[in-house]
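Coordinates as given in coords-v7.pdb (PDB, C-alpha atoms, pLDDT in the B column):
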```pdb
MODEL        1
ATOM      1  CA  MET A  11     104.056  92.516  88.369  1.00 45.00           C
ATOM      2  CA  LYS A  12     104.766  88.935  89.505  1.00 46.00           C
ATOM      3  CA  LYS A  13     107.572  88.640  86.959  1.00 45.00           C
ATOM      4  CA  ILE A  14     109.135  91.837  88.277  1.00 43.00           C
ATOM      5  CA  LEU A  15     108.991  90.596  91.844  1.00 42.00           C
ATOM      6  CA  MET A  16     110.514  87.261  90.765  1.00 46.00           C
ATOM      7  CA  LEU A  17     113.398  89.139  89.077  1.00 42.00           C
ATOM      8  CA  LEU A  18     113.984  91.156  92.239  1.00 42.00           C
ATOM      9  CA  VAL A  19     113.960  87.995  94.381  1.00 42.00           C
ATOM     10  CA  LEU A  20     116.366  86.265  91.987  1.00 44.00           C
ATOM     11  CA  LEU A  21     118.790  89.204  91.972  1.00 41.00           C
ATOM     12  CA  SER A  22     118.696  89.552  95.743  1.00 43.00           C
ATOM     13  CA  SER A  23     119.325  85.825  96.218  1.00 44.00           C
ATOM     14  CA  VAL A  24     122.459  85.740  94.020  1.00 40.00           C
ATOM     15  CA  MET A  25     123.978  89.018  95.210  1.00 38.00           C
ATOM     16  CA  PRO A  26     125.536  87.660  98.439  1.00 39.00           C
ATOM     17  CA  ALA A  27     127.742  85.324  96.356  1.00 38.00           C
ATOM     18  CA  TRP A  28     129.266  88.344  94.605  1.00 35.00           C
ATOM     19  CA  ALA A  29     129.768  90.244  97.841  1.00 36.00           C
ATOM     20  CA  ALA A  30     132.558  87.861  98.877  1.00 36.00           C
ATOM     21  CA  THR A  31     134.452  88.184  95.578  1.00 38.00           C
ATOM     22  CA  ASP A  32     136.954  90.743  94.313  1.00 38.00           C
ATOM     23  CA  ASN A  33     134.960  93.870  93.451  1.00 41.00           C
ATOM     24  CA  THR A  34     137.577  95.609  91.328  1.00 39.00           C
ATOM     25  CA  ALA A  35     135.990  94.225  88.146  1.00 39.00           C
ATOM     26  CA  ALA A  36     132.734  95.996  88.988  1.00 41.00           C
ATOM     27  CA  SER A  37     134.052  99.428  88.095  1.00 42.00           C
ATOM     28  CA  SER A  38     134.417 100.694  84.561  1.00 40.00           C
ATOM     29  CA  THR A  39     137.160  99.203  82.391  1.00 45.00           C
ATOM     30  CA  THR A  40     138.563 102.665  81.693  1.00 47.00           C
ATOM     31  CA  ALA A  41     140.581 104.924  83.967  1.00 72.00           C
ATOM     32  CA  ASN A  42     137.990 107.734  83.872  1.00 89.00           C
ATOM     33  CA  PRO A  43     135.693 107.426  86.913  1.00 95.00           C
ATOM     34  CA  TRP A  44     132.911 109.630  85.430  1.00 97.00           C
ATOM     35  CA  TYR A  45     129.905 108.053  83.690  1.00 97.00           C
ATOM     36  CA  ALA A  46     126.501 109.057  82.347  1.00 98.00           C
ATOM     37  CA  GLY A  47     123.400 107.244  81.156  1.00 98.00           C
ATOM     38  CA  ILE A  48     119.824 107.435  79.980  1.00 98.00           C
ATOM     39  CA  GLY A  49     116.886 105.057  80.151  1.00 98.00           C
ATOM     40  CA  VAL A  50     113.160 104.648  79.604  1.00 98.00           C
ATOM     41  CA  GLY A  51     110.574 102.745  81.557  1.00 98.00           C
ATOM     42  CA  VAL A  52     107.265 102.421  83.336  1.00 98.00           C
ATOM     43  CA  ASP A  53     106.242 103.281  86.892  1.00 97.00           C
ATOM     44  CA  GLN A  54     103.638 101.328  88.861  1.00 96.00           C
ATOM     45  CA  PRO A  55     101.960 103.394  91.616  1.00 95.00           C
ATOM     46  CA  LEU A  56     101.675 101.222  94.744  1.00 95.00           C
ATOM     47  CA  THR A  57     100.577 103.000  97.939  1.00 94.00           C
ATOM     48  CA  ASN A  58      98.484 106.153  98.555  1.00 93.00           C
ATOM     49  CA  TRP A  59      98.119 107.144  94.890  1.00 91.00           C
ATOM     50  CA  ASN A  60      94.944 108.254  93.111  1.00 86.00           C
ATOM     51  CA  THR A  61      93.427 104.960  91.919  1.00 86.00           C
ATOM     52  CA  GLY A  62      92.973 106.435  88.426  1.00 87.00           C
ATOM     53  CA  TYR A  63      96.721 106.363  87.806  1.00 89.00           C
ATOM     54  CA  ALA A  64      97.372 102.829  86.624  1.00 86.00           C
ATOM     55  CA  LEU A  65     100.825 103.208  85.073  1.00 94.00           C
ATOM     56  CA  GLY A  66     103.254 106.038  84.462  1.00 96.00           C
ATOM     57  CA  PHE A  67     105.677 106.393  81.569  1.00 98.00           C
ATOM     58  CA  GLY A  68     109.042 108.126  81.623  1.00 97.00           C
ATOM     59  CA  GLY A  69     112.657 107.338  82.310  1.00 96.00           C
ATOM     60  CA  ASN A  70     115.830 108.578  83.905  1.00 95.00           C
ATOM     61  CA  LEU A  71     118.911 110.600  83.145  1.00 98.00           C
ATOM     62  CA  PHE A  72     121.934 110.206  85.389  1.00 98.00           C
ATOM     63  CA  ALA A  73     125.599 111.029  85.882  1.00 98.00           C
ATOM     64  CA  GLY A  74     127.945 109.456  88.359  1.00 98.00           C
ATOM     65  CA  TYR A  75     131.424 109.080  89.722  1.00 98.00           C
ATOM     66  CA  ALA A  76     133.068 105.741  90.628  1.00 96.00           C
ATOM     67  CA  ILE A  77     134.701 106.413  93.987  1.00 94.00           C
ATOM     68  CA  GLU A  78     136.802 103.290  94.473  1.00 85.00           C
ATOM     69  CA  GLY A  79     136.248  99.604  93.817  1.00 89.00           C
ATOM     70  CA  PRO A  80     132.531  98.809  93.829  1.00 96.00           C
ATOM     71  CA  TRP A  81     131.251 102.163  95.157  1.00 97.00           C
ATOM     72  CA  ALA A  82     129.879 105.039  93.096  1.00 97.00           C
ATOM     73  CA  VAL A  83     127.743 108.106  93.690  1.00 98.00           C
ATOM     74  CA  GLN A  84     125.315 109.427  91.113  1.00 98.00           C
ATOM     75  CA  VAL A  85     122.625 112.034  90.597  1.00 98.00           C
ATOM     76  CA  ASN A  86     119.393 111.155  88.812  1.00 96.00           C
ATOM     77  CA  ILE A  87     116.589 113.079  87.199  1.00 97.00           C
ATOM     78  CA  ASP A  88     113.594 110.751  86.893  1.00 96.00           C
ATOM     79  CA  PRO A  89     110.557 112.223  85.077  1.00 97.00           C
ATOM     80  CA  PHE A  90     107.342 110.178  84.852  1.00 97.00           C
ATOM     81  CA  LEU A  91     103.893 111.143  83.538  1.00 96.00           C
ATOM     82  CA  TYR A  92     100.560 109.603  84.594  1.00 95.00           C
ATOM     83  CA  SER A  93      97.204 110.193  82.886  1.00 93.00           C
ATOM     84  CA  SER A  94      93.671 109.714  84.206  1.00 89.00           C
ATOM     85  CA  ASN A  95      90.279 111.255  83.417  1.00 86.00           C
ATOM     86  CA  GLY A  96      91.712 114.085  81.319  1.00 87.00           C
ATOM     87  CA  TYR A  97      94.398 115.004  83.844  1.00 89.00           C
ATOM     88  CA  THR A  98      98.151 114.520  83.596  1.00 93.00           C
ATOM     89  CA  LEU A  99     100.317 114.243  86.693  1.00 93.00           C
ATOM     90  CA  THR A 100     103.977 115.147  86.205  1.00 94.00           C
ATOM     91  CA  ASN A 101     106.240 113.481  88.747  1.00 94.00           C
ATOM     92  CA  LEU A 102     109.813 114.789  88.516  1.00 96.00           C
ATOM     93  CA  ARG A 103     112.376 113.365  90.946  1.00 96.00           C
ATOM     94  CA  PHE A 104     115.865 114.633  91.708  1.00 98.00           C
ATOM     95  CA  LEU A 105     117.866 111.957  93.536  1.00 98.00           C
ATOM     96  CA  ALA A 106     121.366 111.534  94.974  1.00 98.00           C
ATOM     97  CA  GLU A 107     122.212 107.839  95.079  1.00 98.00           C
ATOM     98  CA  ALA A 108     124.972 105.629  96.439  1.00 98.00           C
ATOM     99  CA  LYS A 109     125.552 102.598  94.201  1.00 98.00           C
ATOM    100  CA  TYR A 110     127.320  99.343  95.101  1.00 98.00           C
ATOM    101  CA  THR A 111     128.169  97.115  92.135  1.00 97.00           C
ATOM    102  CA  PHE A 112     128.998  93.444  92.673  1.00 97.00           C
ATOM    103  CA  ALA A 113     131.763  91.838  90.603  1.00 94.00           C
ATOM    104  CA  GLY A 114     130.791  89.691  87.664  1.00 92.00           C
ATOM    105  CA  GLN A 115     132.002  88.528  84.269  1.00 93.00           C
ATOM    106  CA  GLY A 116     129.997  90.156  81.456  1.00 94.00           C
ATOM    107  CA  TRP A 117     127.283  91.384  83.803  1.00 96.00           C
ATOM    108  CA  GLN A 118     127.168  92.830  87.301  1.00 97.00           C
ATOM    109  CA  PRO A 119     124.227  93.141  89.709  1.00 98.00           C
ATOM    110  CA  TYR A 120     124.016  96.263  91.869  1.00 98.00           C
ATOM    111  CA  VAL A 121     122.063  97.895  94.672  1.00 98.00           C
ATOM    112  CA  LEU A 122     121.445 101.602  95.207  1.00 97.00           C
ATOM    113  CA  ALA A 123     119.800 103.936  97.686  1.00 98.00           C
ATOM    114  CA  GLY A 124     119.552 107.607  98.436  1.00 98.00           C
ATOM    115  CA  PRO A 125     117.546 110.732  99.278  1.00 98.00           C
ATOM    116  CA  GLY A 126     116.052 113.351  97.025  1.00 97.00           C
ATOM    117  CA  ALA A 127     113.134 115.613  96.231  1.00 97.00           C
ATOM    118  CA  VAL A 128     110.089 115.220  94.019  1.00 96.00           C
ATOM    119  CA  PHE A 129     108.137 117.917  92.187  1.00 96.00           C
ATOM    120  CA  GLN A 130     104.521 116.969  91.346  1.00 93.00           C
ATOM    121  CA  SER A 131     102.234 119.031  89.149  1.00 94.00           C
ATOM    122  CA  LEU A 132      98.694 118.346  87.887  1.00 91.00           C
ATOM    123  CA  SER A 133      97.569 119.624  84.496  1.00 92.00           C
ATOM    124  CA  PRO A 134      95.083 121.120  83.836  1.00 90.00           C
ATOM    125  CA  GLY A 135      94.866 122.552  87.296  1.00 80.00           C
ATOM    126  CA  THR A 136      96.756 124.527  89.851  1.00 76.00           C
ATOM    127  CA  PHE A 137      98.065 121.705  92.048  1.00 84.00           C
ATOM    128  CA  SER A 138     101.813 121.495  92.479  1.00 91.00           C
ATOM    129  CA  THR A 139     103.992 120.399  95.373  1.00 93.00           C
ATOM    130  CA  ILE A 140     107.581 119.617  96.315  1.00 96.00           C
ATOM    131  CA  ASN A 141     108.295 116.845  98.823  1.00 95.00           C
ATOM    132  CA  PHE A 142     111.194 114.851 100.166  1.00 97.00           C
ATOM    133  CA  ALA A 143     111.808 111.497  98.505  1.00 96.00           C
ATOM    134  CA  ALA A 144     113.901 108.387  99.077  1.00 97.00           C
ATOM    135  CA  VAL A 145     114.796 105.438  96.892  1.00 97.00           C
ATOM    136  CA  VAL A 146     116.151 101.889  97.229  1.00 98.00           C
ATOM    137  CA  GLY A 147     116.680  99.655  94.247  1.00 98.00           C
ATOM    138  CA  VAL A 148     118.354  96.731  92.525  1.00 98.00           C
ATOM    139  CA  GLY A 149     119.594  96.320  89.000  1.00 98.00           C
ATOM    140  CA  ALA A 150     121.967  94.583  86.658  1.00 98.00           C
ATOM    141  CA  GLN A 151     124.351  96.009  84.086  1.00 97.00           C
ATOM    142  CA  PHE A 152     125.634  94.154  81.035  1.00 97.00           C
ATOM    143  CA  ASP A 153     128.924  94.883  79.285  1.00 95.00           C
ATOM    144  CA  LEU A 154     128.428  95.730  75.599  1.00 96.00           C
ATOM    145  CA  GLY A 155     132.095  96.264  74.845  1.00 92.00           C
ATOM    146  CA  GLY A 156     134.382  99.217  75.329  1.00 90.00           C
ATOM    147  CA  LYS A 157     132.831 101.892  77.505  1.00 93.00           C
ATOM    148  CA  LEU A 158     129.181 100.980  76.765  1.00 96.00           C
ATOM    149  CA  HIS A 159     126.858  99.129  79.168  1.00 96.00           C
ATOM    150  CA  LEU A 160     123.198  98.104  79.126  1.00 98.00           C
ATOM    151  CA  TYR A 161     121.248  98.253  82.399  1.00 98.00           C
ATOM    152  CA  ILE A 162     117.877  97.290  83.826  1.00 98.00           C
ATOM    153  CA  GLU A 163     116.768  98.330  87.293  1.00 98.00           C
ATOM    154  CA  ALA A 164     113.796  98.474  89.620  1.00 98.00           C
ATOM    155  CA  LYS A 165     113.551 101.082  92.365  1.00 97.00           C
ATOM    156  CA  ASP A 166     111.169 101.466  95.250  1.00 96.00           C
ATOM    157  CA  HIS A 167     110.442 105.221  95.377  1.00 95.00           C
ATOM    158  CA  PHE A 168     109.028 106.815  98.500  1.00 95.00           C
ATOM    159  CA  ILE A 169     107.428 110.269  98.438  1.00 95.00           C
ATOM    160  CA  LEU A 170     107.320 111.774 101.919  1.00 92.00           C
ATOM    161  CA  PRO A 171     104.614 114.481 102.021  1.00 87.00           C
ATOM    162  CA  SER A 172     103.125 115.903 105.214  1.00 81.00           C
ATOM    163  CA  GLY A 173     100.407 113.209 105.012  1.00 85.00           C
ATOM    164  CA  PRO A 174     100.699 109.482 104.282  1.00 90.00           C
ATOM    165  CA  ALA A 175     103.779 108.442 102.294  1.00 93.00           C
ATOM    166  CA  GLN A 176     103.343 107.426  98.673  1.00 94.00           C
ATOM    167  CA  MET A 177     105.222 104.497  97.162  1.00 96.00           C
ATOM    168  CA  ASP A 178     105.742 103.489  93.541  1.00 96.00           C
ATOM    169  CA  LEU A 179     107.912 101.051  91.579  1.00 97.00           C
ATOM    170  CA  PRO A 180     109.616 102.378  88.429  1.00 97.00           C
ATOM    171  CA  ILE A 181     111.378  99.888  86.172  1.00 97.00           C
ATOM    172  CA  THR A 182     113.814 101.364  83.655  1.00 98.00           C
ATOM    173  CA  ALA A 183     116.264 100.056  81.092  1.00 98.00           C
ATOM    174  CA  GLY A 184     118.837 101.911  79.060  1.00 98.00           C
ATOM    175  CA  ILE A 185     122.502 102.480  78.408  1.00 98.00           C
ATOM    176  CA  TRP A 186     125.365 104.167  80.226  1.00 97.00           C
ATOM    177  CA  THR A 187     128.915 104.918  79.243  1.00 96.00           C
ATOM    178  CA  SER A 188     132.168 105.956  80.857  1.00 93.00           C
ATOM    179  CA  LEU A 189     133.098 109.491  79.900  1.00 93.00           C
TER     180      LEU A 189
ENDMDL
END
```

Translate the structure of the given file into structure tokens.
Amino acid sequence: MKKILMLLVLLSSVMPAWAATDNTAASSTTANPWYAGIGVGVDQPLTNWNTGYALGFGGNLFAGYAIEGPWAVQVNIDPFLYSSNGYTLTNLRFLAEAKYTFAGQGWQPYVLAGPGAVFQSLSPGTFSTINFAAVVGVGAQFDLGGKLHLYIEAKDHFILPSGPAQMDLPITAGIWTSL
């Protein structure tokens, strides 16, 4: 967890230097503004979670559109599963995110944020719920050549039920490509 926080601090400390540079290099090298990606990762429950859920496993699937320069919008489906005492909690998020990518040579840091909804279901059992959600995050993408990119990101997810808000920290890595 300390290493993750150190990575987040490092990324947030170098990002202002990129903000003052030309951001046209941050968008895809191809003319097509559409992109899609997939990743896998772990999710650390942080606030107001059942203490039995130590770590969730899952990933994300996303598609996006580069608007102009460093800005893009994307939709995410982030499924994560948590197990404890014979129960499995399915946590399925649907998110709409705005993404700002800073210019860089070979790699580009980025920030993202947006609203969404989360579906939670406990198995075995009859518990299921849908709540509002929000996300803020940081990441970095690495050019692999052509249309292919590697990414790693950490997001702070907020689940906004009628009671106390829940917070968790998923960290995912994967690939994305221009379409």

Might you spell out which residues the PyMOL selection byres ((chain A and resi 182) around 12) would select in the displayed file, as an mmCIF file with C-alpha atoms, keeping the file's coordinate frame?
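Listing of result-v4.cif after writing:
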```
data_model
loop_
_atom_site.group_PDB
_atom_site.id
_atom_site.type_symbol
_atom_site.label_atom_id
_atom_site.label_comp_id
_atom_site.auth_asym_id
_atom_site.auth_seq_id
_atom_site.Cartn_x
_atom_site.Cartn_y
_atom_site.Cartn_z
ATOM 1 C CA ILE A 14 109.135 91.837 88.277
ATOM 2 C CA GLY A 47 123.400 107.244 81.156
ATOM 3 C CA ILE A 48 119.824 107.435 79.980
ATOM 4 C CA GLY A 49 116.886 105.057 80.151
ATOM 5 C CA VAL A 50 113.160 104.648 79.604
ATOM 6 C CA GLY A 51 110.574 102.745 81.557
ATOM 7 C CA VAL A 52 107.265 102.421 83.336
ATOM 8 C CA ASP A 53 106.242 103.281 86.892
ATOM 9 C CA GLN A 54 103.638 101.328 88.861
ATOM 10 C CA GLY A 66 103.254 106.038 84.462
ATOM 11 C CA PHE A 67 105.677 106.393 81.569
ATOM 12 C CA GLY A 68 109.042 108.126 81.623
ATOM 13 C CA GLY A 69 112.657 107.338 82.310
ATOM 14 C CA ASN A 70 115.830 108.578 83.905
ATOM 15 C CA LEU A 71 118.911 110.600 83.145
ATOM 16 C CA ASP A 88 113.594 110.751 86.893
ATOM 17 C CA PRO A 89 110.557 112.223 85.077
ATOM 18 C CA PHE A 90 107.342 110.178 84.852
ATOM 19 C CA GLY A 147 116.680 99.655 94.247
ATOM 20 C CA VAL A 148 118.354 96.731 92.525
ATOM 21 C CA GLY A 149 119.594 96.320 89.000
ATOM 22 C CA ALA A 150 121.967 94.583 86.658
ATOM 23 C CA GLN A 151 124.351 96.009 84.086
ATOM 24 C CA LEU A 160 123.198 98.104 79.126
ATOM 25 C CA TYR A 161 121.248 98.253 82.399
ATOM 26 C CA ILE A 162 117.877 97.290 83.826
ATOM 27 C CA GLU A 163 116.768 98.330 87.293
ATOM 28 C CA ALA A 164 113.796 98.474 89.620
ATOM 29 C CA LYS A 165 113.551 101.082 92.365
ATOM 30 C CA ASP A 166 111.169 101.466 95.250
ATOM 31 C CA LEU A 179 107.912 101.051 91.579
ATOM 32 C CA PRO A 180 109.616 102.378 88.429
ATOM 33 C CA ILE A 181 111.378 99.888 86.172
ATOM 34 C CA ALA A 183 116.264 100.056 81.092
ATOM 35 C CA GLY A 184 118.837 101.911 79.060
ATOM 36 C CA ILE A 185 122.502 102.480 78.408
#
```

* Rounded to one decimal place, report the CA of Thr57 in chain A-CA of Gln176 in chain A distance in Å. => 5.3 Å

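This file, filtered with the PyMOL selection byres ((chain A and resi 81) around 8), gives the residues Ala76, Ile77, Glu78, Gly79, Pro80, Ala82, Val83, Ala108, Lys109, Tyr110 and Thr111 of chain A.
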
Identify all residues satisfying the PyMOL selection byres ((chain A and resi 167) around 7) in the given file; provide them as a short mmCIF file (atom, residue, chain, number, x, y, z; two decimals) with C-alpha atoms, keeping the file's coordinate frame.
```cif
data_model
loop_
_atom_site.label_atom_id
_atom_site.label_comp_id
_atom_site.auth_asym_id
_atom_site.auth_seq_id
_atom_site.Cartn_x
_atom_site.Cartn_y
_atom_site.Cartn_z
CA ALA A 144 113.90 108.39 99.08
CA VAL A 145 114.80 105.44 96.89
CA VAL A 146 116.15 101.89 97.23
CA LYS A 165 113.55 101.08 92.36
CA ASP A 166 111.17 101.47 95.25
CA PHE A 168 109.03 106.82 98.50
CA ILE A 169 107.43 110.27 98.44
CA MET A 177 105.22 104.50 97.16
CA ASP A 178 105.74 103.49 93.54
CA LEU A 179 107.91 101.05 91.58
#
```

* State, in Å with one decimal place, the distance from CA of Ser188 in chain A to CA of Ala127 in chain A. => 26.3 Å

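For the choices A:Leu65, A:Ala113, A:Leu154, A:Val121, the atom-to-atom distance to Ser94 in chain A is smallest for A:Leu65 when using only C-alpha atoms.
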
* Could you give me, as a ChimeraX atom specification, the residues that sit within 7 Å of (127.9, 111.7, 84.4) in the file's coordinates, counting all atoms listed in the file? => /A:44-46,72-75
